[in-house]
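Below is one structure; the comments refer to it alone.
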Amino acid sequence: MPSAVVEKYMRVNRLAHIWCPGCGIGMIINGAIRAIDKVGLDPDKTIIVSGIGCSGRAPGYMNFDTIHTTHGRALAFATGMKLARPELNVIVIMGDGDCAAIGGNHFIHAARRNIDVTALVINNQIYGMTGGQYSPTTPVKAVATTAPYGDAEPAFDLCGVAQAAGATFVGRGVPARMPELINTMTKALQHRGFSFVEALSQCPVYFGRMNKGGGPVQMLMLQKEMTVPIRTAQQKPEESKGKFVTGVLYQAERPSYEELYNEVRERAIASGESRG
Ligand code: SF4
């Protein structure tokens with residue numbers, strides 16, 4: 001029997017979903033709808049946009065206006081939607097390959113522009129849907145279908161990239177610490193400007209199996225071991241060495257792209273040169 005929150009925000013008639021047993025994507029989407037519920041976003045004024053991959057299937061199950069776009073282009077579609085209808089809430093769901101490989105340029109420029117969308121990246125550190133190839137967030141030396149003897153490329157720190165590129169909200173979480181992840185997503189949805197949340201996720205079928213990470217339970221336990229909440233990291237920096245810090249990592253205020261674009265538009269109208 002689905003919970004009231006699931007019934008309210010999910011297309012329950014489209015369930016069961018396609019994700020493998022023990023996958024973290026369903027857990028993270030469950031957390032996302034709880035954050036949406038806490039903020040009280042109107043589903044009729046909220047658009048969910050996704051690209052391609054296992055996480056790209058999420059909007060198909062979510063009871064909002066949704067669009068499943070082409071690979072890597074979710075942020076480009078979202079940018080157009082936000083500029084056309086700035087009053088709408090735009091939430092983008094991407095995977096690590098979608099966001100940081102084929103969509104990498106859209107990612108850094110959306111952050112630089114500070115467009116007022118919330119980007120949730122479900123980072124399972126591998127391409128799941130296409131068979132376990134390594135992605136830009138696969139840890140160096142980790143095994144993937146296309147790196148049977150280990151990945152030679154260091155992984156992107158997605159939160160570091162987002163902040164360096166200009167995002168005004170950056171957070172991270174894991175399904176193993178769900179209350180903290182919901183809290184971070186809630187704050188991201190309330191923030192005005194480009195909000196970036198990385199949810200590290202377990203892919204037991206490819207990443208876990210190929211890297212001897214165990215099943216879903218072992219991978220969830222590992223998430224707790226390899227992460228440290230930001231408050232602990234600040235109080236005991238020695239405990240955060242080599243770990244992912246979780247929670248709200250960065251928040252700042254500056255004008256959003258829509259605000260600055262609107263000013264440009266008004267100047268053009270005032271000059272008498274506007275064509276529409
Ligand atoms: S392949 Fe991995 S990421 Fe994709 S649904 Fe299965 S467990 Fe989840």
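Identifiers for the structure tokens are assigned positionally: chains receive A, B, ... in sequence, residues are indexed from 1 per chain, and ligands are indexed from 1 in the order shown.
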**Within 12 Å of ligand 1 (only C-alpha atoms and all ligand atoms), residues as number ranges by chain** = A: 17-28, 52-58, 94-97, 122-133, 200-210, 215-216, 219
Next, the residues of the selection above should be written as a compact mmCIF listing (two decimals), in the first residue's frame with C-alpha atoms.
# COMPACT_ATOMS: atom_id res chain seq x y z
CA HIS A 17 9.28 0.89 -11.71
CA ILE A 18 12.12 -0.44 -13.86
CA TRP A 19 14.95 -0.07 -11.33
CA CYS A 20 16.79 -3.14 -10.07
CA PRO A 21 16.09 -4.42 -6.54
CA GLY A 22 18.25 -2.52 -4.05
CA CYS A 23 19.01 0.38 -6.42
CA GLY A 24 19.32 3.77 -4.69
CA ILE A 25 17.35 5.73 -7.29
CA GLY A 26 13.92 4.87 -5.88
CA MET A 27 15.08 5.80 -2.38
CA ILE A 28 16.37 9.17 -3.59
CA ILE A 52 18.86 9.70 -20.27
CA GLY A 53 19.91 6.81 -18.06
CA CYS A 54 18.48 4.87 -15.14
CA SER A 55 17.73 8.08 -13.20
CA GLY A 56 16.33 9.66 -16.37
CA ARG A 57 13.32 7.37 -16.01
CA ALA A 58 12.28 8.98 -12.72
CA MET A 94 20.30 13.70 -13.91
CA GLY A 95 22.72 10.83 -13.57
CA ASP A 96 26.49 11.29 -13.30
CA GLY A 97 27.13 10.47 -16.95
CA ILE A 122 22.01 10.83 -8.72
CA ASN A 123 25.64 9.75 -8.76
CA ASN A 124 26.04 5.97 -8.85
CA GLN A 125 29.61 6.36 -10.17
CA ILE A 126 28.95 4.30 -13.31
CA TYR A 127 26.75 4.11 -16.42
CA GLY A 128 24.05 1.70 -15.23
CA MET A 129 21.51 1.56 -18.03
CA THR A 130 24.02 0.93 -20.81
CA GLY A 131 25.92 -1.86 -19.07
CA GLY A 132 28.40 -0.57 -16.51
CA GLN A 133 30.83 1.65 -18.41
CA LEU A 200 25.56 9.45 -4.02
CA SER A 201 23.67 6.29 -4.86
CA GLN A 202 24.22 2.55 -4.86
CA CYS A 203 24.15 0.58 -8.11
CA PRO A 204 24.51 -2.95 -6.77
CA VAL A 205 24.08 -4.54 -10.19
CA TYR A 206 27.10 -2.93 -11.89
CA PHE A 207 29.28 -0.85 -9.58
CA GLY A 208 28.73 -3.04 -6.54
CA ARG A 209 29.08 -6.37 -8.35
CA MET A 210 32.16 -5.38 -10.37
CA GLY A 215 24.71 -6.23 -2.11
CA PRO A 216 22.48 -3.22 -1.44
CA MET A 219 26.61 -0.69 -0.10
**Asked** Using the chain letters and numbers from this document, which residues of range 169-222 of chain A does DSSP assign to strand (DSSP E), as a list in words?
**Response** Phe169, Val170, Gly171, Arg172, Gly173, Ser195, Phe196, Val197, Glu198, Ala199 and Leu200 of chain A
Next, dump the selected residues to file, keeping only all heavy atoms, as a CSV table (one decimal), in the first residue's frame.
chain,number,residue,atom,x,y,z
A,169,PHE,N,24.1,27.3,-4.5
A,169,PHE,CA,23.7,26.3,-3.5
A,169,PHE,C,24.3,25.0,-3.9
A,169,PHE,O,24.1,24.5,-5.0
A,169,PHE,CB,22.2,26.2,-3.3
A,169,PHE,CG,21.8,25.2,-2.2
A,169,PHE,CD1,21.4,25.7,-1.0
A,169,PHE,CD2,21.9,23.8,-2.4
A,169,PHE,CE1,21.1,24.8,0.0
A,169,PHE,CE2,21.6,22.9,-1.4
A,169,PHE,CZ,21.1,23.5,-0.2
A,170,VAL,N,25.1,24.4,-3.0
A,170,VAL,CA,25.7,23.1,-3.3
A,170,VAL,C,25.5,22.2,-2.0
A,170,VAL,O,25.8,22.6,-0.9
A,170,VAL,CB,27.2,23.3,-3.6
A,170,VAL,CG1,27.8,21.9,-3.8
A,170,VAL,CG2,27.5,24.2,-4.7
A,171,GLY,N,25.0,21.0,-2.3
A,171,GLY,CA,24.8,20.1,-1.2
A,171,GLY,C,25.0,18.7,-1.6
A,171,GLY,O,25.1,18.4,-2.8
A,172,ARG,N,25.2,17.8,-0.7
A,172,ARG,CA,25.4,16.4,-1.0
A,172,ARG,C,24.7,15.5,0.1
A,172,ARG,O,24.6,15.9,1.2
A,172,ARG,CB,26.9,16.1,-1.0
A,172,ARG,CG,27.3,14.7,-1.4
A,172,ARG,CD,28.7,14.3,-1.3
A,172,ARG,NE,29.6,14.9,-2.3
A,172,ARG,CZ,30.7,15.7,-2.0
A,172,ARG,NH1,30.9,16.0,-0.8
A,172,ARG,NH2,31.4,16.1,-3.0
A,173,GLY,N,24.3,14.3,-0.4
A,173,GLY,CA,23.7,13.4,0.6
A,173,GLY,C,23.8,12.0,0.1
A,173,GLY,O,24.3,11.7,-1.0
A,195,SER,N,20.7,25.6,-7.8
A,195,SER,CA,20.9,24.8,-6.6
A,195,SER,C,21.3,23.4,-7.1
A,195,SER,O,20.6,22.8,-7.9
A,195,SER,CB,19.6,24.6,-5.8
A,195,SER,OG,19.0,25.9,-5.6
A,196,PHE,N,22.4,22.9,-6.5
A,196,PHE,CA,23.0,21.6,-7.0
A,196,PHE,C,23.0,20.7,-5.8
A,196,PHE,O,23.6,21.0,-4.8
A,196,PHE,CB,24.4,21.9,-7.6
A,196,PHE,CG,25.0,20.6,-8.1
A,196,PHE,CD1,24.8,20.2,-9.3
A,196,PHE,CD2,25.9,19.9,-7.2
A,196,PHE,CE1,25.4,19.0,-9.8
A,196,PHE,CE2,26.5,18.8,-7.7
A,196,PHE,CZ,26.3,18.3,-9.0
A,197,VAL,N,22.4,19.5,-6.0
A,197,VAL,CA,22.5,18.5,-4.9
A,197,VAL,C,23.0,17.2,-5.6
A,197,VAL,O,22.4,16.7,-6.5
A,197,VAL,CB,21.1,18.2,-4.3
A,197,VAL,CG1,21.2,17.1,-3.2
A,197,VAL,CG2,20.6,19.5,-3.6
A,198,GLU,N,24.1,16.7,-5.0
A,198,GLU,CA,24.6,15.4,-5.5
A,198,GLU,C,24.1,14.3,-4.5
A,198,GLU,O,24.4,14.4,-3.3
A,198,GLU,CB,26.1,15.4,-5.5
A,198,GLU,CG,26.7,14.1,-5.8
A,198,GLU,CD,28.3,14.1,-5.6
A,198,GLU,OE1,28.8,14.9,-4.9
A,198,GLU,OE2,28.9,13.2,-6.3
A,199,ALA,N,23.4,13.4,-5.0
A,199,ALA,CA,23.0,12.2,-4.1
A,199,ALA,C,23.8,11.0,-4.5
A,199,ALA,O,23.6,10.5,-5.6
A,199,ALA,CB,21.5,12.0,-4.2
A,200,LEU,N,24.8,10.7,-3.7
A,200,LEU,CA,25.6,9.4,-4.0
A,200,LEU,C,24.6,8.2,-3.9
A,200,LEU,O,23.9,8.1,-2.9
A,200,LEU,CB,26.7,9.3,-3.1
A,200,LEU,CG,27.9,10.4,-3.3
A,200,LEU,CD1,28.8,10.4,-2.0
A,200,LEU,CD2,28.7,10.0,-4.5
**Message:** Just to confirm, what's the straight-line distance from CA of Arg113 in chain A to CA of Met185 in chain A in Å (one decimal)?
**Reply:**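 Separation between CA of Arg113 in chain A and CA of Met185 in chain A: 20.6 Å.
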**Asked** Quick one: of A:Leu260, A:Leu120, A:Ala176, A:Val39, who's nearest to Thr227 in chain A, counting only C-alpha atoms?
**Response**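 Among A:Leu260, A:Leu120, A:Ala176, A:Val39, it is A:Ala176 that comes nearest to Thr227 in chain A.
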**Prompt:** Could you pull the residues within 6 Å of range 155-166 of chain A, counting only C-alpha atoms, minus those fewer than 2 positions along the same chain, as number ranges by chain?
**Reply:** A: 108, 111-112, 136-139
**Asked** Expressed in Å to a single decimal, how great is the separation between CA of Phe244 in chain A and CA of Gly31 in chain A?
**Response**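 Distance reported for this atom pair: 19.4 Å.
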**Request:** Give me the residues within 6 Å of range 101-104 of chain A as a VMD selection string, counting only C-alpha atoms and dropping any in the same chain fewer than 3 places off.
**Result:** chain A and resid 72 to 73 97 to 98 107
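Closest approach to Lys243 in chain A among A:Asp116, A:Glu225, A:Glu180, A:Asp151 is made by A:Glu225 (distances from only C-alpha atoms).
From CA of Ile67 in chain A back to CA of Arg11 in chain A, the distance works out to 14.2 Å.
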**Message:** When you count only C-alpha atoms, which of these residues is closest to Pro86 in chain A: A:His109, A:Ser271, A:Met62, A:Gly193?
**Reply:** A:Gly193
Which neighbours of Val49 in chain A fall inside 7 Å, counting only C-alpha atoms, when residues of the same chain fewer than 2 positions from it are skipped, and could you give them as a PDB file with N, CA and C atoms, in the first residue's frame?
ATOM      1  N   ILE A  47       7.796  21.623 -12.766  1.00  0.00           N
ATOM      2  CA  ILE A  47       8.184  20.776 -13.905  1.00  0.00           C
ATOM      3  C   ILE A  47       9.377  19.929 -13.490  1.00  0.00           C
ATOM      4  N   PRO A  59      11.163  10.879 -13.875  1.00  0.00           N
ATOM      5  CA  PRO A  59       9.982  11.738 -14.072  1.00  0.00           C
ATOM      6  C   PRO A  59       8.771  10.996 -14.624  1.00  0.00           C
ATOM      7  N   THR A  66       6.092  16.661 -16.668  1.00  0.00           N
ATOM      8  CA  THR A  66       7.438  16.086 -16.747  1.00  0.00           C
ATOM      9  C   THR A  66       7.905  16.001 -18.197  1.00  0.00           C
ATOM     10  N   ILE A  67       9.219  16.031 -18.354  1.00  0.00           N
ATOM     11  CA  ILE A  67       9.785  15.864 -19.697  1.00  0.00           C
ATOM     12  C   ILE A  67      11.080  15.057 -19.599  1.00  0.00           C
ATOM     13  N   HIS A  68      11.144  14.029 -20.425  1.00  0.00           N
ATOM     14  CA  HIS A  68      12.295  13.128 -20.488  1.00  0.00           C
ATOM     15  C   HIS A  68      13.030  13.521 -21.759  1.00  0.00           C
ATOM     16  N   ALA A  74      19.293  17.843 -20.319  1.00  0.00           N
ATOM     17  CA  ALA A  74      18.210  18.200 -19.395  1.00  0.00           C
ATOM     18  C   ALA A  74      18.331  19.657 -18.939  1.00  0.00           C
ATOM     19  N   ALA A  78      15.747  22.717 -19.411  1.00  0.00           N
ATOM     20  CA  ALA A  78      15.285  23.403 -18.193  1.00  0.00           C
ATOM     21  C   ALA A  78      15.533  24.906 -18.279  1.00  0.00           C
ATOM     22  N   ILE A  91      12.737  21.503 -11.688  1.00  0.00           N
ATOM     23  CA  ILE A  91      13.624  20.543 -11.018  1.00  0.00           C
ATOM     24  C   ILE A  91      14.206  19.619 -12.085  1.00  0.00           C
ATOM     25  N   VAL A  92      15.520  19.459 -12.057  1.00  0.00           N
ATOM     26  CA  VAL A  92      16.199  18.629 -13.058  1.00  0.00           C
ATOM     27  C   VAL A  92      16.798  17.416 -12.363  1.00  0.00           C
ATOM     28  N   ILE A  93      16.520  16.235 -12.895  1.00  0.00           N
ATOM     29  CA  ILE A  93      17.087  15.000 -12.339  1.00  0.00           C
ATOM     30  C   ILE A  93      18.042  14.414 -13.376  1.00  0.00           C
TER      31      ILE A  93
END
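Neighbours of Gly242 in chain A closer than or equal to 10 Å, with only C-alpha atoms counted and sequence neighbours fewer than 2 positions away skipped, come out as A:Met226, A:Thr227, A:Val228, A:Glu238, A:Glu239, A:Ser240, A:Phe244, A:Val245.
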Saved selection, atoms kept: C-alpha atoms, as a short mmCIF file (atom, residue, chain, number, x, y, z; two decimals), in the first residue's frame:
data_model
loop_
_atom_site.label_atom_id
_atom_site.label_comp_id
_atom_site.auth_asym_id
_atom_site.auth_seq_id
_atom_site.Cartn_x
_atom_site.Cartn_y
_atom_site.Cartn_z
CA MET A 226 32.67 6.87 3.30
CA THR A 227 30.71 10.02 4.22
CA VAL A 228 30.80 12.47 7.07
CA GLU A 238 40.70 14.71 10.83
CA GLU A 239 37.60 12.48 10.61
CA SER A 240 36.69 13.73 7.14
CA PHE A 244 32.66 12.72 1.10
CA VAL A 245 31.25 15.54 3.23
#
